[in-house]
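Asker: Structure incoming, see below.
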Amino acid sequence: MKKVLSASIISLIAFISFTASANANYCDIGYSYNASTNRCDPYWMDFSENDGFTSYVQLAVQSSNKGFASGFSITYWLELICEKKKLYVHVYSDPLGLYADANLYGNGSGQVKFDNGKVRTAKYQRSDNFEGIWLSDAKGFVKNLMKANSSVSLKISGINGPHIATFPKGDVGSYAKLLRNRGCSF
């Protein structure tokens, strides 16, 4: 499975916007202003396509937190993809990839936690470009994400240390019917 929307395109979308200023009620692309908390919160974006030749559902959200490595601010992304009735979960970072610490076959395991619940093991396959990972149990992950109250956190060991990203549940539940209609049940 190749990545439908590349990290560089999503990075370009984020780069085009200016620095968020919650006090001015302005947020970067992919974030909306929350007046009750006076901050910018990430929301799920729909990059789905159905042009008669290609058809897929692709939902993406940025992490609530940023990572830092070698002077770079790193944004983590979580994508839910439904293509040809198969569900995929992709996690990656930009502008520096995760470079997940995996065995020679690209298999590895990290940790996942929904809300403040129990820490679980998450098995994954490293992506070919080393930017991210594909979770092995996509259906189980999405099922638990839909049940979560507010967030999911992932911890993936990388060659430069652990990457910890927290993603909001947000309005992902409103896309459940779209995923199911395309043949991706969970």
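Residues are referred to by chain and number: the chain letter is A, B, ... according to the order shown in the structure tokens, the number counts from 1 in that chain, and ligands are numbered separately from 1 in the order shown.
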Kindly provide the residues of region 53-93 of chain A that approach region 134-150 of chain A to within 9 Å, each paired with its closest atom pair and their distance in Å to one decimal, based on only C-alpha atoms, listed by chain and increasing number, as CSV.
Answerer:
```
residue,atom,partner,partner_atom,distance
A:Leu80,CA,A:Val142,CA,8.0
A:Leu87,CA,A:Ala138,CA,6.2
A:Tyr88,CA,A:Ala138,CA,5.5
A:Val89,CA,A:Ala138,CA,5.4
A:His90,CA,A:Trp134,CA,4.7
A:Val91,CA,A:Trp134,CA,6.5
A:Tyr92,CA,A:Trp134,CA,8.9
```
Asker: For CA of Asp101 (chain A) and CA of Arg126 (chain A), quote the distance in Å rounded to one decimal.
Answerer: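 Between CA of Asp101 (chain A) and CA of Arg126 (chain A) the gap is 8.6 Å.
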Asker: Among chain A, which ones does DSSP assign to strand (DSSP E) (computed from the backbone)? Answer as JSON, numbers by chain.
Answerer: {"A": [31, 32, 33, 34, 39, 40, 41, 42, 45, 46, 49, 50, 55, 56, 57, 58, 59, 60, 61, 62, 63, 64, 65, 66, 67, 68, 69, 72, 73, 74, 75, 76, 77, 78, 79, 80, 81, 82, 83, 86, 87, 88, 89, 90, 91, 92, 93, 94, 107, 108, 109, 110, 111, 112, 113, 114, 120, 121, 122, 123, 124, 125, 126, 132, 133, 134, 135, 151, 152, 153, 154, 155, 156, 157, 158, 161, 162, 163, 164, 165, 166, 167, 168]}
Asker: Using C-alpha atoms, can you export the residues from the last selection as a compact mmCIF listing (two decimals), in the first residue's frame?
Answerer:
```
# COMPACT_ATOMS: atom_id res chain seq x y z
CA TYR A 31 -6.41 23.83 13.49
CA SER A 32 -9.51 25.67 14.65
CA TYR A 33 -9.77 28.31 17.33
CA ASN A 34 -11.38 27.17 20.59
CA ARG A 39 -6.05 27.93 21.89
CA CYS A 40 -5.88 26.32 18.48
CA ASP A 41 -7.07 22.71 18.39
CA PRO A 42 -6.38 20.28 15.50
CA MET A 45 -9.33 16.87 7.43
CA ASP A 46 -10.93 14.92 4.58
CA GLU A 49 -11.04 11.29 -3.76
CA ASN A 50 -13.51 9.76 -6.19
CA SER A 55 -11.52 6.18 -5.20
CA TYR A 56 -10.38 6.28 -1.60
CA VAL A 57 -11.20 7.84 1.74
CA GLN A 58 -8.31 9.59 3.46
CA LEU A 59 -8.77 11.36 6.77
CA ALA A 60 -5.86 13.10 8.47
CA VAL A 61 -5.25 14.96 11.71
CA GLN A 62 -2.20 16.68 13.12
CA SER A 63 -0.97 15.97 16.62
CA SER A 64 -1.89 18.18 19.54
CA ASN A 65 1.80 18.30 20.47
CA LYS A 66 4.98 18.97 18.52
CA GLY A 67 8.22 17.05 18.66
CA PHE A 68 11.69 18.56 18.40
CA ALA A 69 14.84 17.05 16.90
CA PHE A 72 13.43 21.15 13.86
CA SER A 73 9.84 21.40 15.04
CA ILE A 74 8.18 18.13 14.07
CA THR A 75 4.49 17.71 13.36
CA TYR A 76 3.01 14.22 13.74
CA TRP A 77 0.18 13.04 11.48
CA LEU A 78 -2.40 10.28 11.87
CA GLU A 79 -4.22 9.10 8.75
CA LEU A 80 -7.14 6.72 8.34
CA ILE A 81 -7.29 5.42 4.77
CA CYS A 82 -9.90 3.22 3.12
CA GLU A 83 -8.88 1.97 -0.30
CA LYS A 86 -9.22 -2.23 3.05
CA LEU A 87 -8.60 -0.04 6.09
CA TYR A 88 -5.14 1.38 6.84
CA VAL A 89 -3.78 3.50 9.69
CA HIS A 90 -0.69 5.53 8.88
CA VAL A 91 1.36 7.52 11.41
CA TYR A 92 4.25 9.72 10.31
CA SER A 93 6.09 12.93 11.08
CA ASP A 94 7.17 15.89 9.03
CA ASN A 107 8.36 -4.85 11.67
CA GLY A 108 8.22 -3.29 15.10
CA SER A 109 6.02 -2.46 18.02
CA GLY A 110 5.21 0.69 19.91
CA GLN A 111 2.70 1.68 22.52
CA VAL A 112 -0.79 3.14 22.22
CA LYS A 113 -3.09 4.63 24.83
CA PHE A 114 -6.68 5.80 24.30
CA ARG A 120 -1.27 -1.38 24.92
CA THR A 121 1.22 -2.74 22.42
CA ALA A 122 0.78 -1.62 18.81
CA LYS A 123 2.50 -3.70 16.14
CA TYR A 124 3.47 -1.94 12.94
CA GLN A 125 5.20 -2.20 9.59
CA ARG A 126 7.67 0.59 8.82
CA GLY A 132 6.30 6.62 9.27
CA ILE A 133 4.56 3.38 10.11
CA TRP A 134 1.46 1.40 9.11
CA LEU A 135 -0.33 -0.09 12.12
CA SER A 151 -7.64 11.37 22.34
CA VAL A 152 -5.17 8.68 21.38
CA SER A 153 -1.44 8.76 22.15
CA LEU A 154 1.27 6.76 20.43
CA LYS A 155 4.86 6.12 21.44
CA ILE A 156 7.15 4.86 18.70
CA SER A 157 10.86 4.29 19.23
CA GLY A 158 12.98 5.87 16.54
CA GLY A 161 14.84 8.33 20.53
CA PRO A 162 11.12 7.92 21.22
CA HIS A 163 8.42 9.84 19.39
CA ILE A 164 5.31 10.54 21.46
CA ALA A 165 2.30 12.00 19.67
CA THR A 166 -1.18 12.74 20.97
CA PHE A 167 -4.02 13.05 18.46
CA PRO A 168 -7.52 14.35 19.18
```
Asker: Between CA of Asp28 (chain A) and CA of Asn116 (chain A), what is the distance in Å, rounded to a tenth?
Answerer: 27.2 Å
Asker: Just checking: using only C-alpha atoms, which residue out of A:Thr54, A:Ser48, A:Asn160, A:Ser70 ends up closest to Tyr99 (chain A)?
Answerer: A:Asn160
Asker: Just give me the gap between CA of Phe47 (chain A) and CA of Phe186 (chain A) in Å, one decimal is fine.
Answerer: 20.1 Å
Asker: With only C-alpha atoms as the atoms that count, which of A:Gly170, A:Gly117, A:Gly97, A:Gly52 lies nearest to Asn129 (chain A)?
Answerer: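 The shortest atom-to-atom distance to Asn129 (chain A) comes from A:Gly97.
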Asker: Considering only alpha helix (DSSP H) as DSSP defines it on the backbone, what residues of region 13-159 of chain A qualify? List them as a list in words.
Answerer: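 These are the residues in question: Ile13, Ala14, Phe15, Ile16, Ala138, Lys139, Gly140, Phe141, Val142, Lys143, Asn144, Leu145, Met146 and Lys147 of chain A.
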